[in-house]
Each structure stands twice: as C-alpha cells, then as structure tokens.
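Below is structure07.txt, holding compact mmCIF, C-alpha atoms.
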```txt
# COMPACT_ATOMS: atom_id res chain seq x y z
CA MET A 1 210.95 141.21 174.30
CA CYS A 2 210.97 141.95 170.56
CA LEU A 3 211.38 145.67 171.22
CA VAL A 4 214.29 144.98 173.58
CA CYS A 5 215.90 142.73 170.96
CA ALA A 6 215.49 145.32 168.21
CA ALA A 7 216.98 148.01 170.41
CA ALA A 8 219.94 145.80 171.32
CA CYS A 9 220.59 144.96 167.66
CA HIS A 10 220.42 148.61 166.72
CA GLN A 11 222.85 149.55 169.49
CA ASN A 12 225.36 147.02 168.16
CA ARG A 13 225.52 148.84 164.84
CA HIS A 14 227.81 151.79 164.30
CA PRO A 15 227.46 154.57 161.69
CA ILE A 16 229.83 154.36 158.71
CA ASN A 17 230.48 156.89 155.96
CA ILE A 18 232.33 155.88 152.79
CA GLU A 19 233.52 158.83 150.72
CA PHE A 20 234.72 158.89 147.09
CA SER A 21 236.68 161.42 145.07
CA ALA A 22 237.88 161.64 141.46
CA THR A 23 241.59 161.95 140.64
CA TRP A 24 243.94 161.89 137.66
CA ALA A 25 247.34 160.39 138.52
CA GLY A 26 246.60 161.14 142.16
CA GLN A 27 245.60 164.77 141.65
CA PRO A 28 242.02 166.07 142.05
CA LEU A 29 239.99 165.84 138.85
CA THR A 30 236.85 167.91 138.32
CA CYS A 31 234.59 169.12 135.53
CA SER A 32 236.56 172.38 135.58
CA SER A 33 240.03 170.79 135.39
CA SER A 34 242.09 171.12 132.22
CA ASP A 35 244.16 168.56 130.29
CA PRO A 36 242.24 166.53 131.11
CA SER A 37 238.90 167.59 132.52
CA LEU A 38 236.30 165.26 133.92
CA THR A 39 233.31 164.78 131.62
CA ASP A 40 231.42 162.21 133.68
CA LEU A 41 231.80 160.01 136.73
CA ARG A 42 228.77 158.23 138.12
CA PHE A 43 228.65 154.67 139.43
CA PHE A 44 226.50 152.27 141.43
CA VAL A 45 227.96 150.57 144.51
CA SER A 46 226.54 147.40 146.08
CA ASP A 47 227.58 144.41 148.22
CA VAL A 48 229.70 146.50 150.58
CA THR A 49 231.61 144.56 153.23
CA LEU A 50 233.97 145.91 155.90
CA ILE A 51 236.87 143.73 157.02
CA ASP A 52 238.76 143.73 160.31
CA ALA A 53 242.44 142.91 160.89
CA SER A 54 241.67 139.20 161.42
CA GLY A 55 239.79 138.94 158.12
CA GLN A 56 236.32 138.91 159.65
CA ASP A 57 233.61 140.31 157.37
CA TYR A 58 231.01 142.85 158.51
CA PRO A 59 228.24 143.59 155.98
CA PHE A 60 227.52 147.27 155.45
CA ALA A 61 223.86 148.21 155.70
CA PHE A 62 222.90 151.09 153.40
CA LYS A 63 220.71 153.79 154.90
CA ALA A 64 217.84 154.34 152.45
CA ASP A 65 217.42 158.07 151.90
CA GLY A 66 214.91 158.29 149.07
CA ARG A 67 217.44 159.85 146.69
CA TRP A 68 220.91 158.32 146.51
CA GLN A 69 220.53 155.00 148.33
CA GLN A 70 218.26 152.03 148.66
CA GLU A 71 218.84 149.30 151.23
CA HIS A 72 221.07 147.35 148.84
CA VAL A 73 222.64 149.86 146.43
CA GLY A 74 223.90 153.44 146.30
CA LEU A 75 224.72 155.88 143.50
CA ILE A 76 227.89 157.99 143.61
CA ASP A 77 227.82 161.08 141.36
CA LEU A 78 231.06 163.07 141.16
CA GLU A 79 230.14 165.33 138.24
CA ASN A 80 228.21 168.59 138.65
CA GLY A 81 226.98 169.35 135.12
CA GLU A 82 229.45 172.22 134.71
CA GLY A 83 232.61 172.69 132.61
CA GLY A 84 233.35 169.50 130.72
CA CYS A 85 230.39 167.67 132.27
CA VAL A 86 227.77 169.11 129.93
CA ASN A 87 225.77 165.87 129.91
CA GLY A 88 225.64 165.68 133.68
CA THR A 89 223.47 167.05 136.45
CA LYS A 90 223.93 169.77 139.05
CA GLU A 91 223.34 167.42 141.97
CA THR A 92 226.32 165.46 143.30
CA ASN A 93 226.80 162.72 145.86
CA PHE A 94 230.23 161.60 147.05
CA ARG A 95 229.24 159.55 150.09
CA LEU A 96 227.62 156.27 151.06
CA THR A 97 226.02 156.28 154.50
CA GLY A 98 225.07 153.29 156.58
CA SER A 99 226.13 151.14 159.48
CA ALA A 100 227.93 147.94 160.45
CA LYS A 101 228.20 145.85 163.60
CA GLY A 102 231.97 146.12 163.90
CA ILE A 103 234.08 149.09 164.94
CA ASP A 104 237.74 148.42 164.12
CA PHE A 105 238.19 147.79 160.40
CA ASP A 106 241.26 147.37 158.24
CA GLY A 107 239.74 146.91 154.81
CA ILE A 108 236.72 147.15 152.55
CA ARG A 109 235.23 145.17 149.67
CA PHE A 110 232.50 146.39 147.34
CA THR A 111 231.01 145.86 143.91
CA ILE A 112 230.65 148.40 141.13
CA GLY A 113 227.29 147.32 139.77
CA VAL A 114 223.63 146.67 140.49
CA PRO A 115 222.52 143.25 141.80
CA PHE A 116 221.04 140.99 139.11
CA ASP A 117 217.36 141.11 140.11
CA SER A 118 217.32 144.90 140.48
CA ASN A 119 219.40 145.37 137.35
CA HIS A 120 216.79 143.69 135.18
CA ALA A 121 213.59 144.89 136.89
CA ASN A 122 211.30 147.49 135.34
CA PRO A 123 213.09 150.86 135.71
CA LEU A 124 209.78 152.72 135.39
CA LEU A 125 208.70 151.20 138.71
CA ALA A 126 212.06 151.59 140.46
CA ASP A 127 212.70 153.76 143.49
CA ALA A 128 215.62 156.20 143.62
CA PRO A 129 218.44 155.98 142.73
CA LEU A 130 217.39 153.26 140.25
CA ASP A 131 214.85 155.63 138.72
CA ASP A 132 217.65 157.66 137.10
CA SER A 133 217.06 157.27 133.35
CA ALA A 134 220.56 158.52 132.53
CA MET A 135 221.93 155.45 134.29
CA HIS A 136 219.73 152.94 132.49
CA TRP A 137 220.61 151.10 129.28
CA HIS A 138 217.20 150.38 127.79
CA TRP A 139 218.61 148.53 124.79
CA ARG A 140 220.63 146.27 127.08
CA SER A 141 217.76 145.76 129.54
CA GLY A 142 219.81 146.90 132.53
CA TYR A 143 221.72 149.73 134.17
CA LYS A 144 224.97 151.45 133.34
CA PHE A 145 226.99 150.47 136.38
CA LEU A 146 229.57 153.13 135.55
CA ARG A 147 229.65 156.26 133.41
CA ALA A 148 233.12 157.79 133.25
CA GLY A 149 234.94 160.11 130.87
CA VAL A 150 237.65 162.70 130.40
CA ALA A 151 238.52 165.26 127.74
CA THR A 152 241.63 167.16 126.67
CA ALA A 153 241.76 170.17 124.37
CA SER A 154 241.79 167.92 121.30
CA ASP A 155 240.80 164.45 122.48
CA GLY A 156 238.58 162.51 124.83
CA PHE A 157 237.27 159.14 125.94
CA TRP A 158 234.23 157.84 127.77
CA ILE A 159 233.12 154.43 129.00
CA HIS A 160 229.69 153.09 129.89
CA LEU A 161 229.97 149.81 131.78
CA GLY A 162 227.09 147.37 132.23
CA SER A 163 226.00 143.79 131.71
CA THR A 164 225.90 142.60 128.10
CA ALA A 165 224.89 139.51 126.14
CA CYS A 166 221.78 139.21 128.30
CA GLU A 167 219.07 136.75 127.27
CA GLY A 168 215.45 137.86 127.53
CA THR A 169 213.74 141.21 128.04
CA VAL A 170 213.27 143.62 130.93
CA GLN A 171 211.78 141.78 133.95
CA ASP A 172 212.50 138.47 132.20
CA ILE A 173 216.28 138.21 131.82
CA SER A 174 217.53 134.70 132.50
CA VAL A 175 221.31 135.23 132.26
CA CYS A 176 223.98 137.67 131.07
CA ARG A 177 227.05 136.06 129.55
CA SER A 178 229.06 139.20 130.39
CA PRO A 179 227.79 140.44 133.79
CA ASN A 180 230.63 143.01 134.01
CA ARG A 181 230.36 143.67 137.74
CA VAL A 182 233.65 144.78 139.27
CA THR A 183 234.75 143.62 142.72
CA VAL A 184 237.14 145.94 144.55
CA GLN A 185 238.98 145.06 147.77
CA LEU A 186 241.22 147.56 149.55
CA ALA A 187 243.33 147.38 152.68
CA GLY A 188 243.66 150.29 155.07
CA PHE A 189 240.02 151.36 155.25
CA SER A 190 238.67 152.36 158.67
CA ARG A 191 235.88 154.50 160.12
CA GLU A 192 238.35 157.40 160.31
CA ASN A 193 240.30 156.64 157.12
CA ASN A 194 237.21 156.34 154.96
CA ARG A 195 238.05 158.20 151.73
CA ILE A 196 238.49 156.27 148.47
CA ARG A 197 239.98 157.79 145.33
CA PHE A 198 238.82 156.77 141.86
CA ASP A 199 241.82 157.42 139.60
CA LEU A 200 240.77 157.75 135.96
CA ALA A 201 244.38 157.81 134.77
CA GLN A 202 244.62 154.18 135.92
CA LEU A 203 241.26 153.29 134.36
CA LEU A 204 242.34 154.76 131.03
CA ASP A 205 245.96 153.64 131.07
CA GLY A 206 246.50 152.35 127.53
CA VAL A 207 243.93 154.70 125.97
CA ASP A 208 245.59 157.14 123.56
CA LEU A 209 244.48 160.66 124.48
CA THR A 210 247.01 162.29 122.13
CA ASP A 211 245.90 161.04 118.69
CA GLY A 212 243.16 163.67 118.28
CA VAL A 213 240.50 160.99 117.79
CA LYS A 214 237.76 160.92 120.42
CA SER A 215 236.73 157.36 121.27
CA ASP A 216 234.42 155.47 123.57
CA CYS A 217 233.51 152.09 125.01
CA SER A 218 229.96 150.78 125.46
CA SER A 219 231.01 147.38 126.84
CA GLY A 220 230.58 145.56 123.53
CA PRO A 221 232.81 142.49 123.17
CA SER A 222 233.96 143.57 119.70
CA GLU A 223 234.90 147.14 120.70
CA SER A 224 238.68 147.49 120.58
CA ALA A 225 238.41 150.70 122.62
CA CYS A 226 237.15 148.64 125.55
CA VAL A 227 240.24 146.47 125.85
CA ALA A 228 242.40 148.82 127.94
CA PRO A 229 239.74 149.89 130.48
CA PHE A 230 238.35 146.37 130.78
CA GLU A 231 241.83 145.03 131.44
CA ALA A 232 242.30 147.68 134.13
CA LEU A 233 238.98 146.65 135.67
CA GLY A 234 239.94 142.97 135.55
CA LEU A 235 237.04 142.13 133.23
CA PRO A 236 237.08 139.78 130.24
CA ILE A 237 236.10 141.13 126.84
CA GLY A 238 236.16 139.27 123.54
CA SER A 239 239.19 136.99 123.51
CA LEU A 240 241.04 139.05 126.14
CA VAL A 241 242.58 136.83 128.80
CA VAL A 242 242.07 138.50 132.15
CA ARG A 243 245.13 138.75 134.35
CA PRO A 244 244.77 139.19 138.11
CA MET A 245 244.96 142.95 138.51
CA PRO A 246 245.78 144.95 141.63
CA ASN A 247 243.17 147.47 142.74
CA ILE A 248 245.00 150.34 141.10
CA ILE A 249 241.91 152.28 140.00
CA PHE A 250 240.65 152.65 143.55
CA GLU A 251 242.91 153.64 146.42
CA ILE A 252 242.45 154.62 150.04
CA ASP A 253 243.18 158.32 150.38
CA HIS A 254 245.54 158.40 153.35
```
Could you quickly redo this structure as structure tokens?
Amino acid sequence: MCLVCAAACHQNRHPINIEFSATWAGQPLTCSSSDPSLTDLRFFVSDVTLIDASGQDYPFAFKADGRWQQEHVGLIDLENGEGGCVNGTKETNFRLTGSAKGIDFDGIRFTIGVPFDSNHANPLLADAPLDDSAMHWHWRSGYKFLRAGVATASDGFWIHLGSTACEGTVQDISVCRSPNRVTVQLAGFSRENNRIRFDLAQLLDGVDLTDGVKSDCSSGPSESACVAPFEALGLPIGSLVVRPMPNIIFEIDH
C-alpha cells in the first residue's frame, strides 16, 4: 500500500525547469560585454511557489543534485570567471530543476536568500551549494544571498546582499534585525514560458556609473551606496522608507 501511494504521489508531480539570464536594459549581459560588462552575478533561490490562473499555490520541490541544489535551496551562477568576472568561477548554472503537482501555471513567487536555519548553520558542515565559501559572509555569520556587479571602462559597482544586525554567532543566531531576503512574484510564468531575466540596469538604477569612482554595497545600514539598490529590491536600509516596488529587476522573458 505504501509503495502504491508513493508511486501515485510521484506520478502527480510534473518536472519544472526555471531558467535565469542576466541583462542590462533588456539586452544580454555577460562577462565579455562592454560598457558595462558583468563582473559577478550569483544568487541563492528558495521558497519557490508556482501559481495557477485562479491563484492556487503549488510548492516547487527542488531536485537535489549534489552540486547546485539541495531540497530547499538552489544556487544560480551566471558568471564564468572570464572577462570582467575575474573573481568568479568557470562553472555556471542558469537553471533550477524540480517538480510540482500542478501543470497549468500563470505565475511564480520565490525568495532571493537562504532560509534562516540554513543561513546560520556551520558552513564547514554544509552540503553543496551551501559549501561555497565565496558565498559565505563569515563576519556576518551567514551567506551572501546575492553577489552582483558591473564595470565600465572607468567605473564600476558591486553589491553583496545578506542578513545583517544578527545577534549571536554561527549556529547560535537568535535574530537578524535586517534579514534582507527579497520576495519576487511574477505573472506570466508557465512550464513553457519559464525564462526569467535579471536586469542589472534596474537593480542599479540610481547608481552613478559615470563619475569615475568605483563603489560598492555590503548591506550595511550606514552605507549610502546601498540606498539605490536596496530601494530597487524593496528592502529597508537605515532610515529609508520602503515604497511598494514593482518587480522590475526580474521579468519573464517572453
């Protein structure tokens, strides 16, 4: 009976691929692009939910693969260590793979971030992709949810996003006053229309890339350079009042 039940449950699930790409103002952006070029784009995705036309939610089950995904989180890596991405890696991953019980979807919701318990566990004991030291913020006792950056011939900007103002130490964090997880919800996603663009021009709208001064944001509440990207992400920082923001950074690639 249990075997029959397990087989029936498995048959009710359908394979889903969710693909990501990097763009600048809607145009492809790579490590070899110019004015600007990509310098980094890696981010964790969790809490993925697919939505049908009636608003019904269907949780997405990650397929653990021993490299890019665990059962509750996946790592997207859109840099290849070449060109402007000198601090990156050769390996890339642009796809989340898994399954859901539904078939006909009209939307998707997901979180850029790592769930609290995993975020503050011991990274030395973590399985892939949470064993990636480049994505861990040891001094903040958690992971960098997002590493993103661009460069022009004379300027550049990068952002590392993660939880801050956390109380405690690794494996013993009680709370983070600035969790900095980003929830994204998009209409128009389906099993066939499954490509999502990450537009860095929207993320960095308000960042001056013409003043010849390279700048960065490490998610600190006193960092003025964080104001524009945090506002675009819909996150509070310092005394910034967060306005409801449309999902302009992410867009379904029709």
For a quick check of your reading of the model, name the residues lying within 7 Å of the coordinate (234.7, 147.8, 132.6), counting only C-alpha atoms, and write them as a PyMOL selection string.
chain A and resi 161+180+219+229-230+233+235
State, in Å with one decimal place, the distance from CA of Ile16 in chain A to CA of Ile249 in chain A.
22.4 Å
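Going from CA of Val207 in chain A to CA of Ala151 in chain A covers 12.0 Å.
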Mind checking which residues fall within 7 Å of Asp205 in chain A, counting all atoms listed in the file, ignoring those fewer than 3 positions away in the same chain, and posting them as a VMD selection string?
chain A and resid 201 to 202 228
Can you pull out every residue within 6 Å of Trp24 in chain A, counting only C-alpha atoms, but drop anything in the same chain fewer than 2 positions away, and send it as JSON, numbers by chain?
{"A": [26, 27, 29, 199, 200, 201]}
If you count only C-alpha atoms, which residues fall within 9 Å of range 181-195 of chain A, apart from same-chain ones fewer than 2 positions away, as number ranges by chain?
A: 15-21, 50-52, 103-115, 145, 161-163, 178-179, 197, 233-235, 247, 250-254
Restricting the calculation to all atoms listed in the file: of A:Asn119, A:Asp47, A:Ala153, A:Leu125, which residue gets closest to Ser141 in chain A?
A:Asn119
Could you tell me how far CA of Leu96 in chain A sits from CA of Gly74 in chain A, in Å to one decimal place?
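Interatomic distance here is 6.7 Å.
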I'd like the contact shell of range 61-71 of chain A - 7 Å cut-off, only C-alpha atoms, skipping same-chain residues fewer than 3 positions apart - returned as an mmCIF file with C-alpha atoms, in the frame of the given file.
```cif
data_model
loop_
_atom_site.group_PDB
_atom_site.id
_atom_site.type_symbol
_atom_site.label_atom_id
_atom_site.label_comp_id
_atom_site.auth_asym_id
_atom_site.auth_seq_id
_atom_site.Cartn_x
_atom_site.Cartn_y
_atom_site.Cartn_z
ATOM 1 C CA GLY A 74 223.900 153.440 146.300
ATOM 2 C CA LEU A 75 224.720 155.880 143.500
ATOM 3 C CA THR A 97 226.020 156.280 154.500
ATOM 4 C CA GLY A 98 225.070 153.290 156.580
ATOM 5 C CA SER A 99 226.130 151.140 159.480
ATOM 6 C CA ALA A 100 227.930 147.940 160.450
ATOM 7 C CA ALA A 128 215.620 156.200 143.620
ATOM 8 C CA PRO A 129 218.440 155.980 142.730
#
```
From A:Met135, A:Ile248, A:Cys176, A:Leu130, residue lying nearest Ala148 in chain A [all atoms listed in the file]:
A:Met135
Counting only C-alpha atoms, which residues come within 8 Å of (226.8, 160.6, 132.4), with the point read in the file's coordinates, and could you list them as a PyMOL selection string?
chain A and resi 39-42+85+87-88+134-135+147-148
Shell around Cys226 in chain A at 10 Å using all atoms listed in the file, local window under 4 positions removed, as a PDB file with C-alpha atoms, in the coordinates of the input:
```pdb
ATOM      1  CA  TRP A 158     234.230 157.840 127.770  1.00  0.00           C
ATOM      2  CA  ILE A 159     233.120 154.430 129.000  1.00  0.00           C
ATOM      3  CA  HIS A 160     229.690 153.090 129.890  1.00  0.00           C
ATOM      4  CA  LEU A 161     229.970 149.810 131.780  1.00  0.00           C
ATOM      5  CA  LEU A 204     242.340 154.760 131.030  1.00  0.00           C
ATOM      6  CA  VAL A 207     243.930 154.700 125.970  1.00  0.00           C
ATOM      7  CA  SER A 215     236.730 157.360 121.270  1.00  0.00           C
ATOM      8  CA  ASP A 216     234.420 155.470 123.570  1.00  0.00           C
ATOM      9  CA  CYS A 217     233.510 152.090 125.010  1.00  0.00           C
ATOM     10  CA  SER A 218     229.960 150.780 125.460  1.00  0.00           C
ATOM     11  CA  SER A 219     231.010 147.380 126.840  1.00  0.00           C
ATOM     12  CA  GLY A 220     230.580 145.560 123.530  1.00  0.00           C
ATOM     13  CA  PRO A 221     232.810 142.490 123.170  1.00  0.00           C
ATOM     14  CA  SER A 222     233.960 143.570 119.700  1.00  0.00           C
ATOM     15  CA  PHE A 230     238.350 146.370 130.780  1.00  0.00           C
ATOM     16  CA  GLU A 231     241.830 145.030 131.440  1.00  0.00           C
ATOM     17  CA  ILE A 237     236.100 141.130 126.840  1.00  0.00           C
ATOM     18  CA  GLY A 238     236.160 139.270 123.540  1.00  0.00           C
TER      19      GLY A 238
END
```
Across A:Thr210, A:Arg177, A:Leu78, A:Phe44, the smallest distance to Glu91 in chain A, with all atoms listed in the file counted, is shown by A:Leu78
Place N, CA and C atoms on range 11-38 of chain A and deliver the coordinates as a short mmCIF file (atom, residue, chain, number, x, y, z; two decimals), in the frame of the given file.
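Below you can see selection_13.cif, which holds the result:
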```cif
data_model
loop_
_atom_site.label_atom_id
_atom_site.label_comp_id
_atom_site.auth_asym_id
_atom_site.auth_seq_id
_atom_site.Cartn_x
_atom_site.Cartn_y
_atom_site.Cartn_z
N GLN A 11 221.74 148.99 168.74
CA GLN A 11 222.85 149.55 169.49
C GLN A 11 224.18 148.92 169.10
N ASN A 12 224.12 147.70 168.57
CA ASN A 12 225.36 147.02 168.16
C ASN A 12 225.88 147.50 166.82
N ARG A 13 225.10 148.32 166.12
CA ARG A 13 225.52 148.84 164.84
C ARG A 13 226.12 150.21 165.02
N HIS A 14 227.10 150.52 164.19
CA HIS A 14 227.81 151.79 164.30
C HIS A 14 227.76 152.50 162.95
N PRO A 15 227.56 153.82 162.95
CA PRO A 15 227.46 154.57 161.69
C PRO A 15 228.78 154.55 160.92
N ILE A 16 228.66 154.39 159.61
CA ILE A 16 229.83 154.36 158.71
C ILE A 16 229.56 155.27 157.53
N ASN A 17 230.51 156.11 157.19
CA ASN A 17 230.48 156.89 155.96
C ASN A 17 231.61 156.41 155.05
N ILE A 18 231.32 156.26 153.78
CA ILE A 18 232.33 155.88 152.79
C ILE A 18 232.33 156.97 151.73
N GLU A 19 233.45 157.67 151.60
CA GLU A 19 233.52 158.83 150.72
C GLU A 19 234.39 158.54 149.49
N PHE A 20 234.00 159.08 148.35
CA PHE A 20 234.72 158.89 147.09
C PHE A 20 235.12 160.23 146.50
N SER A 21 236.25 160.24 145.80
CA SER A 21 236.68 161.42 145.07
C SER A 21 237.27 160.98 143.73
N ALA A 22 237.32 161.91 142.78
CA ALA A 22 237.88 161.64 141.46
C ALA A 22 239.28 162.23 141.37
N THR A 23 240.22 161.46 140.83
CA THR A 23 241.59 161.95 140.64
C THR A 23 242.11 161.56 139.26
N TRP A 24 243.18 162.24 138.86
CA TRP A 24 243.94 161.89 137.66
C TRP A 24 245.40 161.82 138.08
N ALA A 25 245.96 160.61 138.05
CA ALA A 25 247.34 160.39 138.52
C ALA A 25 247.53 160.93 139.94
N GLY A 26 246.51 160.74 140.76
CA GLY A 26 246.60 161.14 142.16
C GLY A 26 246.20 162.56 142.46
N GLN A 27 245.97 163.37 141.44
CA GLN A 27 245.60 164.77 141.65
C GLN A 27 244.09 164.95 141.44
N PRO A 28 243.47 165.88 142.18
CA PRO A 28 242.02 166.07 142.05
C PRO A 28 241.61 166.32 140.61
N LEU A 29 240.52 165.70 140.21
CA LEU A 29 239.99 165.84 138.85
C LEU A 29 238.54 166.29 138.95
N THR A 30 238.20 167.39 138.30
CA THR A 30 236.85 167.91 138.32
C THR A 30 236.39 168.27 136.91
N CYS A 31 235.13 168.69 136.81
CA CYS A 31 234.59 169.12 135.53
C CYS A 31 235.26 170.40 135.05
N SER A 32 235.91 171.12 135.93
CA SER A 32 236.56 172.38 135.58
C SER A 32 238.07 172.23 135.41
N SER A 33 238.60 171.02 135.58
CA SER A 33 240.03 170.79 135.39
C SER A 33 240.37 170.96 133.91
N SER A 34 241.66 171.02 133.61
CA SER A 34 242.09 171.12 132.22
C SER A 34 243.18 170.11 131.94
N ASP A 35 243.14 169.54 130.75
CA ASP A 35 244.16 168.56 130.29
C ASP A 35 244.51 167.49 131.32
N PRO A 36 243.60 166.59 131.63
CA PRO A 36 242.24 166.53 131.11
C PRO A 36 241.25 167.14 132.10
N SER A 37 240.01 167.24 131.63
CA SER A 37 238.90 167.59 132.52
C SER A 37 238.00 166.37 132.66
N LEU A 38 237.31 166.30 133.75
CA LEU A 38 236.30 165.26 133.92
C LEU A 38 235.10 165.59 133.04
#
```
